[in-house]
$ cat input09.pdb   # PDB, C-alpha atoms, pLDDT in the B column
ATOM      1  CA  ALA A 110     114.134 -13.389  80.731  1.00 60.00           C
ATOM      2  CA  ARG A 111     110.795 -14.238  79.095  1.00 62.00           C
ATOM      3  CA  LEU A 112     110.848 -17.693  80.772  1.00 62.00           C
ATOM      4  CA  SER A 113     111.588 -16.110  84.141  1.00 72.00           C
ATOM      5  CA  ARG A 114     108.641 -13.710  83.801  1.00 71.00           C
ATOM      6  CA  PHE A 115     106.336 -16.586  82.801  1.00 67.00           C
ATOM      7  CA  ARG A 116     107.532 -18.639  85.770  1.00 74.00           C
ATOM      8  CA  LEU A 117     106.944 -15.689  88.118  1.00 75.00           C
ATOM      9  CA  PHE A 118     103.455 -15.266  86.648  1.00 71.00           C
ATOM     10  CA  LEU A 119     102.671 -18.939  87.302  1.00 75.00           C
ATOM     11  CA  GLU A 120     103.993 -18.647  90.858  1.00 76.00           C
ATOM     12  CA  TRP A 121     101.724 -15.669  91.554  1.00 79.00           C
ATOM     13  CA  ILE A 122      98.751 -17.526  90.073  1.00 80.00           C
ATOM     14  CA  ALA A 123      99.524 -20.498  92.328  1.00 79.00           C
ATOM     15  CA  ILE A 124      99.841 -18.249  95.388  1.00 81.00           C
ATOM     16  CA  LEU A 125      96.547 -16.510  94.527  1.00 81.00           C
ATOM     17  CA  ALA A 126      94.745 -19.818  94.000  1.00 81.00           C
ATOM     18  CA  GLY A 127      96.146 -21.167  97.266  1.00 80.00           C
ATOM     19  CA  SER A 128      95.131 -18.031  99.148  1.00 79.00           C
ATOM     20  CA  LEU A 129      91.600 -18.163  97.742  1.00 79.00           C
ATOM     21  CA  ALA A 130      91.310 -21.853  98.643  1.00 78.00           C
ATOM     22  CA  LEU A 131      92.574 -21.169 102.173  1.00 73.00           C
ATOM     23  CA  ALA A 132      90.143 -18.268 102.623  1.00 71.00           C
ATOM     24  CA  TRP A 133      87.244 -20.400 101.359  1.00 71.00           C
ATOM     25  CA  TRP A 134      88.181 -23.263 103.706  1.00 69.00           C
ATOM     26  CA  ALA A 135      88.515 -20.912 106.679  1.00 65.00           C
ATOM     27  CA  GLY A 136      85.080 -19.450 106.024  1.00 67.00           C
ATOM     28  CA  VAL A 137      83.347 -22.782 105.462  1.00 68.00           C
ATOM     29  CA  SER A 138      84.987 -24.521 108.422  1.00 64.00           C
ATOM     30  CA  GLY A 139      84.267 -21.666 110.831  1.00 65.00           C
ATOM     31  CA  VAL A 140      87.919 -21.244 111.829  1.00 63.00           C
ATOM     32  CA  THR A 141      87.778 -17.470 111.527  1.00 68.00           C
ATOM     33  CA  GLY A 142      84.586 -17.275 113.569  1.00 71.00           C
ATOM     34  CA  ARG A 143      86.073 -19.408 116.343  1.00 76.00           C
ATOM     35  CA  LEU A 144      89.203 -17.281 116.378  1.00 78.00           C
ATOM     36  CA  ASP A 145      87.109 -14.106 116.559  1.00 79.00           C
ATOM     37  CA  ASN A 146      85.146 -15.560 119.493  1.00 80.00           C
ATOM     38  CA  GLN A 147      88.329 -16.553 121.335  1.00 80.00           C
ATOM     39  CA  ILE A 148      89.712 -13.038 120.945  1.00 80.00           C
ATOM     40  CA  LEU A 149      86.386 -11.548 122.084  1.00 78.00           C
ATOM     41  CA  ASP A 150      86.213 -13.889 125.115  1.00 79.00           C
ATOM     42  CA  PHE A 151      89.758 -12.975 126.118  1.00 80.00           C
ATOM     43  CA  ALA A 152      89.010  -9.257 125.815  1.00 78.00           C
ATOM     44  CA  ALA A 153      85.723  -9.628 127.730  1.00 75.00           C
ATOM     45  CA  SER A 154      87.395 -11.523 130.567  1.00 77.00           C
ATOM     46  CA  ARG A 155      90.195  -8.952 130.794  1.00 77.00           C
ATOM     47  CA  ALA A 156      87.688  -6.066 130.836  1.00 75.00           C
ATOM     48  CA  ALA A 157      85.289  -7.718 133.300  1.00 77.00           C
ATOM     49  CA  PRO A 158      84.853  -5.880 136.606  1.00 80.00           C
ATOM     50  CA  PRO A 159      85.959  -7.629 139.800  1.00 86.00           C
ATOM     51  CA  VAL A 160      83.597 -10.287 141.123  1.00 87.00           C
ATOM     52  CA  SER A 161      81.256  -8.642 143.620  1.00 87.00           C
ATOM     53  CA  ASP A 162      81.033 -10.039 147.143  1.00 88.00           C
ATOM     54  CA  ASP A 163      77.468  -8.690 147.231  1.00 89.00           C
ATOM     55  CA  ILE A 164      76.358 -11.569 144.982  1.00 91.00           C
ATOM     56  CA  LEU A 165      75.785 -15.003 146.505  1.00 92.00           C
ATOM     57  CA  LEU A 166      74.443 -17.973 144.561  1.00 94.00           C
ATOM     58  CA  ALA A 167      72.079 -20.253 146.445  1.00 94.00           C
ATOM     59  CA  THR A 168      72.521 -23.303 144.250  1.00 94.00           C
ATOM     60  CA  ILE A 169      70.163 -26.170 143.551  1.00 93.00           C
ATOM     61  CA  ASP A 170      73.137 -28.529 143.352  1.00 93.00           C
ATOM     62  CA  ASP A 171      73.541 -32.307 143.409  1.00 94.00           C
ATOM     63  CA  GLY A 172      73.956 -32.373 147.175  1.00 94.00           C
ATOM     64  CA  SER A 173      70.754 -30.412 147.711  1.00 95.00           C
ATOM     65  CA  LEU A 174      68.882 -32.654 145.300  1.00 95.00           C
ATOM     66  CA  GLY A 175      70.195 -35.682 147.154  1.00 94.00           C
ATOM     67  CA  GLN A 176      68.891 -34.340 150.473  1.00 93.00           C
ATOM     68  CA  LEU A 177      65.609 -32.799 149.379  1.00 92.00           C
ATOM     69  CA  GLY A 178      64.619 -34.939 146.418  1.00 93.00           C
ATOM     70  CA  LYS A 179      64.566 -34.476 142.676  1.00 92.00           C
ATOM     71  CA  TRP A 180      63.539 -31.223 141.004  1.00 91.00           C
ATOM     72  CA  PRO A 181      61.025 -29.629 140.986  1.00 92.00           C
ATOM     73  CA  TRP A 182      60.736 -29.269 144.735  1.00 94.00           C
ATOM     74  CA  ASP A 183      57.482 -28.645 146.537  1.00 95.00           C
ATOM     75  CA  ARG A 184      56.887 -24.902 146.444  1.00 96.00           C
ATOM     76  CA  LYS A 185      56.559 -24.918 150.217  1.00 96.00           C
ATOM     77  CA  GLN A 186      60.283 -25.754 150.241  1.00 95.00           C
ATOM     78  CA  ILE A 187      60.965 -22.802 147.941  1.00 96.00           C
ATOM     79  CA  ALA A 188      58.874 -20.656 150.300  1.00 97.00           C
ATOM     80  CA  ARG A 189      61.101 -21.706 153.224  1.00 96.00           C
ATOM     81  CA  LEU A 190      64.174 -20.888 151.147  1.00 96.00           C
ATOM     82  CA  VAL A 191      62.807 -17.377 150.509  1.00 97.00           C
ATOM     83  CA  ASP A 192      62.050 -16.990 154.237  1.00 97.00           C
ATOM     84  CA  ASN A 193      65.568 -18.000 155.242  1.00 96.00           C
ATOM     85  CA  LEU A 194      67.226 -15.788 152.633  1.00 95.00           C
ATOM     86  CA  SER A 195      65.125 -12.831 153.795  1.00 95.00           C
ATOM     87  CA  ALA A 196      65.974 -13.538 157.434  1.00 93.00           C
ATOM     88  CA  GLY A 197      69.645 -13.721 156.425  1.00 92.00           C
ATOM     89  CA  GLY A 198      69.550 -10.109 155.223  1.00 92.00           C
ATOM     90  CA  ALA A 199      69.436 -10.481 151.436  1.00 93.00           C
ATOM     91  CA  ARG A 200      68.926  -7.082 149.790  1.00 93.00           C
ATOM     92  CA  LEU A 201      67.253  -8.746 146.817  1.00 96.00           C
ATOM     93  CA  ILE A 202      66.384 -12.365 146.033  1.00 97.00           C
ATOM     94  CA  VAL A 203      66.542 -13.139 142.326  1.00 96.00           C
ATOM     95  CA  LEU A 204      64.527 -16.351 142.297  1.00 95.00           C
ATOM     96  CA  ASP A 205      65.650 -17.608 138.897  1.00 92.00           C
ATOM     97  CA  VAL A 206      62.964 -20.282 138.520  1.00 93.00           C
ATOM     98  CA  LEU A 207      60.017 -20.174 136.122  1.00 92.00           C
ATOM     99  CA  PHE A 208      56.685 -20.654 137.911  1.00 93.00           C
ATOM    100  CA  THR A 209      54.533 -20.651 134.788  1.00 91.00           C
ATOM    101  CA  GLU A 210      52.531 -23.766 135.696  1.00 92.00           C
ATOM    102  CA  PRO A 211      50.268 -23.968 138.752  1.00 92.00           C
ATOM    103  CA  ALA A 212      51.097 -26.387 141.558  1.00 93.00           C
ATOM    104  CA  ALA A 213      48.924 -27.450 144.494  1.00 93.00           C
ATOM    105  CA  PRO A 214      46.882 -24.420 145.640  1.00 94.00           C
ATOM    106  CA  ASP A 215      48.292 -24.517 149.186  1.00 95.00           C
ATOM    107  CA  ALA A 216      51.872 -24.710 147.846  1.00 96.00           C
ATOM    108  CA  ASP A 217      51.332 -21.751 145.493  1.00 96.00           C
ATOM    109  CA  ALA A 218      49.749 -19.802 148.342  1.00 96.00           C
ATOM    110  CA  ALA A 219      52.663 -20.565 150.670  1.00 97.00           C
ATOM    111  CA  LEU A 220      55.209 -19.369 148.125  1.00 97.00           C
ATOM    112  CA  ALA A 221      53.183 -16.249 147.327  1.00 97.00           C
ATOM    113  CA  ASN A 222      52.918 -15.426 151.046  1.00 97.00           C
ATOM    114  CA  SER A 223      56.677 -15.799 151.551  1.00 97.00           C
ATOM    115  CA  ILE A 224      57.440 -13.651 148.496  1.00 97.00           C
ATOM    116  CA  ALA A 225      54.998 -10.964 149.662  1.00 97.00           C
ATOM    117  CA  ALA A 226      56.374 -11.018 153.225  1.00 97.00           C
ATOM    118  CA  SER A 227      59.924 -10.655 151.891  1.00 96.00           C
ATOM    119  CA  GLY A 228      59.037  -7.714 149.654  1.00 95.00           C
ATOM    120  CA  LYS A 229      62.317  -8.118 147.751  1.00 95.00           C
ATOM    121  CA  VAL A 230      61.919 -11.018 145.347  1.00 97.00           C
ATOM    122  CA  ALA A 231      62.529 -10.667 141.600  1.00 96.00           C
ATOM    123  CA  LEU A 232      60.937 -13.279 139.331  1.00 96.00           C
ATOM    124  CA  PRO A 233      61.734 -14.263 135.733  1.00 95.00           C
ATOM    125  CA  TYR A 234      59.554 -14.838 132.718  1.00 92.00           C
ATOM    126  CA  THR A 235      60.430 -15.905 129.212  1.00 87.00           C
ATOM    127  CA  PHE A 236      59.137 -15.870 125.648  1.00 84.00           C
ATOM    128  CA  THR A 237      57.870 -18.929 123.786  1.00 80.00           C
ATOM    129  CA  PRO A 238      56.791 -19.426 120.146  1.00 75.00           C
ATOM    130  CA  ALA A 239      53.185 -18.337 119.688  1.00 73.00           C
ATOM    131  CA  LYS A 240      50.695 -21.126 120.192  1.00 75.00           C
ATOM    132  CA  ASP A 241      48.247 -21.804 117.342  1.00 69.00           C
ATOM    133  CA  ARG A 242      49.808 -18.999 115.258  1.00 70.00           C
ATOM    134  CA  THR A 243      52.397 -19.046 112.491  1.00 67.00           C
ATOM    135  CA  SER A 244      54.395 -16.098 113.869  1.00 68.00           C
ATOM    136  CA  GLY A 245      54.931 -14.074 117.005  1.00 67.00           C
ATOM    137  CA  VAL A 246      55.637 -15.066 120.598  1.00 75.00           C
ATOM    138  CA  ASP A 247      53.699 -15.710 123.779  1.00 76.00           C
ATOM    139  CA  LEU A 248      54.726 -14.435 127.197  1.00 79.00           C
ATOM    140  CA  PRO A 249      53.981 -17.016 129.881  1.00 82.00           C
ATOM    141  CA  GLN A 250      54.164 -15.159 133.182  1.00 86.00           C
ATOM    142  CA  PRO A 251      54.492 -16.683 136.659  1.00 90.00           C
ATOM    143  CA  VAL A 252      51.146 -17.921 137.897  1.00 92.00           C
ATOM    144  CA  SER A 253      48.983 -15.711 140.050  1.00 89.00           C
ATOM    145  CA  PRO A 254      49.239 -15.054 143.013  1.00 92.00           C
ATOM    146  CA  ILE A 255      53.012 -15.658 142.846  1.00 96.00           C
ATOM    147  CA  ARG A 256      53.391 -13.043 140.108  1.00 94.00           C
ATOM    148  CA  GLU A 257      51.433 -10.435 142.064  1.00 94.00           C
ATOM    149  CA  ALA A 258      53.551 -10.939 145.199  1.00 96.00           C
ATOM    150  CA  ALA A 259      56.911 -10.220 143.511  1.00 96.00           C
ATOM    151  CA  ALA A 260      58.688  -6.908 143.932  1.00 95.00           C
ATOM    152  CA  THR A 261      59.787  -6.918 140.287  1.00 94.00           C
ATOM    153  CA  SER A 262      60.213  -9.209 137.299  1.00 94.00           C
ATOM    154  CA  GLY A 263      62.144  -9.401 134.032  1.00 92.00           C
ATOM    155  CA  HIS A 264      62.726 -11.592 131.007  1.00 91.00           C
ATOM    156  CA  VAL A 265      65.456 -14.230 130.846  1.00 90.00           C
ATOM    157  CA  ALA A 266      65.527 -14.775 127.076  1.00 86.00           C
ATOM    158  CA  LEU A 267      69.025 -15.649 125.893  1.00 83.00           C
ATOM    159  CA  GLU A 268      70.368 -16.378 122.423  1.00 83.00           C
ATOM    160  CA  PRO A 269      73.717 -18.207 122.512  1.00 84.00           C
ATOM    161  CA  ASP A 270      76.210 -18.059 119.669  1.00 83.00           C
ATOM    162  CA  ALA A 271      76.805 -21.093 117.473  1.00 80.00           C
ATOM    163  CA  ASP A 272      79.317 -22.509 119.987  1.00 81.00           C
ATOM    164  CA  GLY A 273      76.763 -22.360 122.806  1.00 82.00           C
ATOM    165  CA  VAL A 274      78.292 -19.396 124.645  1.00 83.00           C
ATOM    166  CA  VAL A 275      76.100 -16.417 125.562  1.00 82.00           C
ATOM    167  CA  ARG A 276      78.108 -13.295 124.747  1.00 82.00           C
ATOM    168  CA  ARG A 277      75.323 -10.706 124.475  1.00 81.00           C
ATOM    169  CA  MET A 278      71.876 -10.288 125.964  1.00 80.00           C
ATOM    170  CA  ALA A 279      69.028  -7.928 125.174  1.00 80.00           C
ATOM    171  CA  LEU A 280      68.622  -5.585 128.143  1.00 82.00           C
ATOM    172  CA  ARG A 281      65.177  -4.610 126.880  1.00 82.00           C
ATOM    173  CA  LEU A 282      62.792  -6.279 124.449  1.00 80.00           C
ATOM    174  CA  GLY A 283      59.443  -5.318 122.972  1.00 73.00           C
ATOM    175  CA  GLU A 284      57.808  -2.665 120.852  1.00 59.00           C
ATOM    176  CA  GLY A 285      59.581   0.672 121.165  1.00 51.00           C
ATOM    177  CA  GLY A 286      62.639  -1.028 122.644  1.00 52.00           C
ATOM    178  CA  GLY A 287      61.649  -1.029 126.273  1.00 57.00           C
ATOM    179  CA  ALA A 288      58.515  -2.932 127.229  1.00 79.00           C
ATOM    180  CA  PHE A 289      60.256  -5.930 128.790  1.00 87.00           C
ATOM    181  CA  PRO A 290      63.479  -5.396 130.807  1.00 88.00           C
ATOM    182  CA  HIS A 291      65.920  -8.222 131.394  1.00 89.00           C
ATOM    183  CA  LEU A 292      65.773  -9.744 134.876  1.00 92.00           C
ATOM    184  CA  ALA A 293      69.251  -8.342 135.573  1.00 89.00           C
ATOM    185  CA  VAL A 294      68.027  -4.837 134.686  1.00 89.00           C
ATOM    186  CA  ALA A 295      64.925  -5.208 136.860  1.00 91.00           C
ATOM    187  CA  ALA A 296      67.058  -6.444 139.761  1.00 92.00           C
ATOM    188  CA  TYR A 297      69.602  -3.628 139.433  1.00 90.00           C
ATOM    189  CA  SER A 298      66.896  -0.990 139.161  1.00 90.00           C
ATOM    190  CA  THR A 299      65.135  -2.308 142.261  1.00 92.00           C
ATOM    191  CA  VAL A 300      68.295  -2.287 144.390  1.00 90.00           C
ATOM    192  CA  HIS A 301      69.710   1.041 143.163  1.00 90.00           C
ATOM    193  CA  GLY A 302      66.519   2.922 142.362  1.00 89.00           C
ATOM    194  CA  LYS A 303      67.635   3.675 138.798  1.00 86.00           C
ATOM    195  CA  PRO A 304      68.442   1.759 135.597  1.00 81.00           C
ATOM    196  CA  PRO A 305      72.004   0.516 135.064  1.00 80.00           C
ATOM    197  CA  PRO A 306      74.477   2.732 133.155  1.00 75.00           C
ATOM    198  CA  ALA A 307      74.295   0.344 130.179  1.00 64.00           C
ATOM    199  CA  LEU A 308      70.837   1.770 129.423  1.00 62.00           C
ATOM    200  CA  THR A 309      72.037   5.312 128.752  1.00 56.00           C
ATOM    201  CA  GLN A 310      71.145   6.764 125.355  1.00 48.00           C
ATOM    202  CA  GLU A 311      74.736   6.342 124.175  1.00 50.00           C
ATOM    203  CA  ALA A 312      74.650   2.656 125.072  1.00 51.00           C
ATOM    204  CA  ALA A 313      71.228   2.221 123.482  1.00 49.00           C
ATOM    205  CA  ASP A 314      72.610   3.513 120.172  1.00 47.00           C
ATOM    206  CA  ALA A 315      75.485   1.011 120.253  1.00 49.00           C
ATOM    207  CA  LEU A 316      75.602  -2.750 119.878  1.00 51.00           C
ATOM    208  CA  PRO A 317      74.167  -4.936 122.675  1.00 54.00           C
ATOM    209  CA  PRO A 318      76.649  -4.979 125.562  1.00 60.00           C
ATOM    210  CA  ILE A 319      79.174  -7.784 125.778  1.00 67.00           C
ATOM    211  CA  VAL A 320      78.595 -10.035 128.784  1.00 73.00           C
ATOM    212  CA  PRO A 321      81.679  -9.820 131.050  1.00 75.00           C
ATOM    213  CA  LEU A 322      82.908 -13.382 131.373  1.00 75.00           C
ATOM    214  CA  HIS A 323      84.134 -14.749 134.707  1.00 81.00           C
ATOM    215  CA  PRO A 324      85.473 -18.286 135.189  1.00 79.00           C
ATOM    216  CA  ALA A 325      83.136 -20.922 136.574  1.00 80.00           C
ATOM    217  CA  GLY A 326      82.970 -20.772 140.342  1.00 85.00           C
ATOM    218  CA  ALA A 327      83.993 -17.124 140.520  1.00 89.00           C
ATOM    219  CA  TYR A 328      80.964 -16.134 142.605  1.00 91.00           C
ATOM    220  CA  ARG A 329      80.386 -17.430 146.117  1.00 92.00           C
ATOM    221  CA  ARG A 330      77.998 -20.386 146.282  1.00 93.00           C
ATOM    222  CA  ILE A 331      76.028 -21.965 149.106  1.00 94.00           C
ATOM    223  CA  PRO A 332      73.905 -25.097 148.576  1.00 96.00           C
ATOM    224  CA  ALA A 333      70.191 -24.414 148.935  1.00 96.00           C
ATOM    225  CA  ALA A 334      69.948 -27.366 151.342  1.00 96.00           C
ATOM    226  CA  ALA A 335      72.427 -25.693 153.705  1.00 95.00           C
ATOM    227  CA  ILE A 336      70.270 -22.561 153.767  1.00 95.00           C
ATOM    228  CA  LEU A 337      67.118 -24.581 154.353  1.00 94.00           C
ATOM    229  CA  ASN A 338      68.791 -26.567 157.144  1.00 92.00           C
ATOM    230  CA  GLY A 339      69.971 -23.436 158.944  1.00 89.00           C
ATOM    231  CA  GLU A 340      73.636 -24.285 158.447  1.00 90.00           C
ATOM    232  CA  VAL A 341      74.576 -20.799 157.180  1.00 84.00           C
ATOM    233  CA  PRO A 342      75.514 -18.016 159.646  1.00 80.00           C
TER
END
$ encode --input "input09.pdb" --output "structure tokens"
Amino acid sequence: ARLSRFRLFLEWIAILAGSLALAWWAGVSGVTGRLDNQILDFAASRAAPPVSDDILLATIDDGSLGQLGKWPWDRKQIARLVDNLSAGGARLIVLDVLFTEPAAPDADAALANSIAASGKVALPYTFTPAKDRTSGVDLPQPVSPIREAAATSGHVALEPDADGVVRRMALRLGEGGGAFPHLAVAAYSTVHGKPPPALTQEAADALPPIVPLHPAGAYRRIPAAAILNGEVP
């Protein structure tokens, strides 16, 4: 009986040591984190709202680059793209390109004129590490007069997880929690005349919202070259 109890004790010690080793390996190797992310991605995709037909992506794709030349394009081309999208009845044009560096004065003027004539263009800006300082950030805005012509603007700062997937985004950044809205928030507010429901006080007190994941290609896409060439009804 004494030998049996001693053997059982050794077996439990072995099981405990094995469990501790397995837990340590899982933590160090990141297995548990990857599993958590897979579960979160599955839940986010299941909870995602249906893809909206109101959203159309005008893509700077390989075919467009082949027709119009390598990026960046002349801003007069971007101005024509804005003109054609406006003429096509877009409710809002989220021009997700950073115009933080000046181009030729006539090209900047052409783009600014098209944005002003449209009256419904949202522009992005981002944050960069502070120049010539050991801490803080700088906020390079689109160049004037392009910035002044836009209907609205918002930040596009994103912080992906370790596996490169963006699962959360800050809807507002800055002192007091609201100085700089995300571009998506600025766009929504411009179209609907009010902030999105995610910015209610209850949501503000919770964790940052989970980005609803849709599979690649879920939203309708039209090559930018097709829009510029008048090939879109």
$ atom_distance --input "input09.pdb" --atom1 "atom CA of A:Arg330" --atom2 "atom CA of A:Pro254"
29.4 Å
$ axis_aligned_box --input "input09.pdb" --around "stretch 296-308 of chain A" --padding-each-side "3 Å" --output "JSON"
{"center_x": 69.8, "center_y": -1.4, "center_z": 136.9, "size_x": 15.3, "size_y": 16.1, "size_z": 21.0}
$ atom_distance --input "input09.pdb" --atom1 "atom CA of A:Ala258" --atom2 "atom CA of A:Ser173"
26.1 Å
$ closest_residue --input "input09.pdb" --among "A:Ala271, A:Ile336, A:Arg143, A:Ala327" --to "A:Ile164" --atoms "only C-alpha atoms"
A:Ala327
$ closest_residue --input "input09.pdb" --among "A:Ser253, A:Thr299, A:Asn146, A:Ser128" --to "A:Ala221" --atoms "all atoms listed in the file"
A:Ser253
$ resolve_selection --input "input09.pdb" --expression "the PyMOL selection byres ((chain A and resi 186-191) around 8)" --output "list in words"
Trp182, Asp183, Arg184, Lys185, Asp192, Asn193, Leu194, Ser195, Ile202, Ala219, Leu220, Ala221, Asn222, Ser223, Ile224, Ser227, Ala333, Ile336 and Leu337 of chain A
$ atom_distance --input "input09.pdb" --atom1 "atom CA of A:Asp270" --atom2 "atom CA of A:Ser154"
16.9 Å
$ residues_around --input "input09.pdb" --residues "stretch 206-210 of chain A" --least-positions-apart "4" --cutoff "6 Å" --atoms "all atoms listed in the file" --output "number ranges by chain"
A: 250-252
$ write_last_selection --input "input09.pdb" --atoms "C-alpha atoms" --output "mmCIF file, in the frame of the given file"
data_model
loop_
_atom_site.group_PDB
_atom_site.id
_atom_site.type_symbol
_atom_site.label_atom_id
_atom_site.label_comp_id
_atom_site.auth_asym_id
_atom_site.auth_seq_id
_atom_site.Cartn_x
_atom_site.Cartn_y
_atom_site.Cartn_z
ATOM 1 C CA GLN A 250 54.164 -15.159 133.182
ATOM 2 C CA PRO A 251 54.492 -16.683 136.659
ATOM 3 C CA VAL A 252 51.146 -17.921 137.897
#
$ closest_residue --input "input09.pdb" --among "A:Ile148, A:Ala295, A:Ala216, A:Ala196" --to "A:Tyr234" --atoms "only C-alpha atoms"
A:Ala295
$ closest_residue --input "input09.pdb" --among "A:Ala260, A:Leu292, A:Val341, A:Asp272" --to "A:Leu144" --atoms "only C-alpha atoms"
A:Asp272
$ residues_around --input "input09.pdb" --residues "A:Leu165" --least-positions-apart "2" --cutoff "7 Å" --atoms "only C-alpha atoms" --output "NGL selection string"
:A and (163 or 167 or 328-330)
$ decode --input "input09.pdb" --residues "stretch 212-228 of chain A" --atoms "N, CA, C and O atoms" --output "PDB file, in the first residue's frame"
ATOM      1  N   ALA A 212       3.508  68.919 -54.586  1.00  0.00           N
ATOM      2  CA  ALA A 212       3.873  68.539 -55.946  1.00  0.00           C
ATOM      3  C   ALA A 212       4.037  69.818 -56.758  1.00  0.00           C
ATOM      4  O   ALA A 212       4.202  70.909 -56.192  1.00  0.00           O
ATOM      5  N   ALA A 213       3.968  69.717 -58.078  1.00  0.00           N
ATOM      6  CA  ALA A 213       4.030  70.913 -58.915  1.00  0.00           C
ATOM      7  C   ALA A 213       2.854  71.822 -58.568  1.00  0.00           C
ATOM      8  O   ALA A 213       1.738  71.338 -58.349  1.00  0.00           O
ATOM      9  N   PRO A 214       3.075  73.142 -58.476  1.00  0.00           N
ATOM     10  CA  PRO A 214       2.002  74.046 -58.058  1.00  0.00           C
ATOM     11  C   PRO A 214       0.736  73.911 -58.889  1.00  0.00           C
ATOM     12  O   PRO A 214      -0.388  73.945 -58.336  1.00  0.00           O
ATOM     13  N   ASP A 215       0.850  73.728 -60.216  1.00  0.00           N
ATOM     14  CA  ASP A 215      -0.352  73.620 -61.034  1.00  0.00           C
ATOM     15  C   ASP A 215      -1.089  72.307 -60.769  1.00  0.00           C
ATOM     16  O   ASP A 215      -2.322  72.252 -60.820  1.00  0.00           O
ATOM     17  N   ALA A 216      -0.345  71.238 -60.429  1.00  0.00           N
ATOM     18  CA  ALA A 216      -0.977  69.957 -60.119  1.00  0.00           C
ATOM     19  C   ALA A 216      -1.706  70.033 -58.778  1.00  0.00           C
ATOM     20  O   ALA A 216      -2.839  69.548 -58.645  1.00  0.00           O
ATOM     21  N   ASP A 217      -1.077  70.644 -57.773  1.00  0.00           N
ATOM     22  CA  ASP A 217      -1.743  70.819 -56.479  1.00  0.00           C
ATOM     23  C   ASP A 217      -2.981  71.685 -56.633  1.00  0.00           C
ATOM     24  O   ASP A 217      -4.033  71.411 -56.022  1.00  0.00           O
ATOM     25  N   ALA A 218      -2.890  72.723 -57.439  1.00  0.00           N
ATOM     26  CA  ALA A 218      -4.038  73.611 -57.646  1.00  0.00           C
ATOM     27  C   ALA A 218      -5.176  72.876 -58.348  1.00  0.00           C
ATOM     28  O   ALA A 218      -6.353  73.050 -57.998  1.00  0.00           O
ATOM     29  N   ALA A 219      -4.845  72.040 -59.328  1.00  0.00           N
ATOM     30  CA  ALA A 219      -5.876  71.291 -60.039  1.00  0.00           C
ATOM     31  C   ALA A 219      -6.610  70.342 -59.108  1.00  0.00           C
ATOM     32  O   ALA A 219      -7.848  70.238 -59.136  1.00  0.00           O
ATOM     33  N   LEU A 220      -5.855  69.642 -58.260  1.00  0.00           N
ATOM     34  CA  LEU A 220      -6.488  68.718 -57.320  1.00  0.00           C
ATOM     35  C   LEU A 220      -7.330  69.471 -56.310  1.00  0.00           C
ATOM     36  O   LEU A 220      -8.455  69.070 -55.994  1.00  0.00           O
ATOM     37  N   ALA A 221      -6.811  70.584 -55.793  1.00  0.00           N
ATOM     38  CA  ALA A 221      -7.576  71.378 -54.827  1.00  0.00           C
ATOM     39  C   ALA A 221      -8.871  71.887 -55.450  1.00  0.00           C
ATOM     40  O   ALA A 221      -9.932  71.877 -54.806  1.00  0.00           O
ATOM     41  N   ASN A 222      -8.819  72.322 -56.708  1.00  0.00           N
ATOM     42  CA  ASN A 222     -10.022  72.822 -57.379  1.00  0.00           C
ATOM     43  C   ASN A 222     -11.062  71.720 -57.547  1.00  0.00           C
ATOM     44  O   ASN A 222     -12.265  71.945 -57.359  1.00  0.00           O
ATOM     45  N   SER A 223     -10.615  70.514 -57.909  1.00  0.00           N
ATOM     46  CA  SER A 223     -11.548  69.400 -58.077  1.00  0.00           C
ATOM     47  C   SER A 223     -12.172  68.997 -56.745  1.00  0.00           C
ATOM     48  O   SER A 223     -13.370  68.697 -56.662  1.00  0.00           O
ATOM     49  N   ILE A 224     -11.356  68.983 -55.686  1.00  0.00           N
ATOM     50  CA  ILE A 224     -11.876  68.634 -54.357  1.00  0.00           C
ATOM     51  C   ILE A 224     -12.885  69.681 -53.898  1.00  0.00           C
ATOM     52  O   ILE A 224     -13.958  69.346 -53.372  1.00  0.00           O
ATOM     53  N   ALA A 225     -12.572  70.956 -54.116  1.00  0.00           N
ATOM     54  CA  ALA A 225     -13.493  72.026 -53.709  1.00  0.00           C
ATOM     55  C   ALA A 225     -14.783  71.967 -54.517  1.00  0.00           C
ATOM     56  O   ALA A 225     -15.890  72.151 -53.972  1.00  0.00           O
ATOM     57  N   ALA A 226     -14.682  71.718 -55.826  1.00  0.00           N
ATOM     58  CA  ALA A 226     -15.874  71.649 -56.671  1.00  0.00           C
ATOM     59  C   ALA A 226     -16.755  70.469 -56.282  1.00  0.00           C
ATOM     60  O   ALA A 226     -17.993  70.564 -56.338  1.00  0.00           O
ATOM     61  N   SER A 227     -16.132  69.359 -55.874  1.00  0.00           N
ATOM     62  CA  SER A 227     -16.906  68.195 -55.440  1.00  0.00           C
ATOM     63  C   SER A 227     -17.659  68.496 -54.150  1.00  0.00           C
ATOM     64  O   SER A 227     -18.845  68.196 -54.032  1.00  0.00           O
ATOM     65  N   GLY A 228     -16.955  69.086 -53.184  1.00  0.00           N
ATOM     66  CA  GLY A 228     -17.577  69.397 -51.898  1.00  0.00           C
ATOM     67  C   GLY A 228     -17.852  68.188 -51.030  1.00  0.00           C
ATOM     68  O   GLY A 228     -18.534  68.309 -50.006  1.00  0.00           O
TER      69      GLY A 228
END
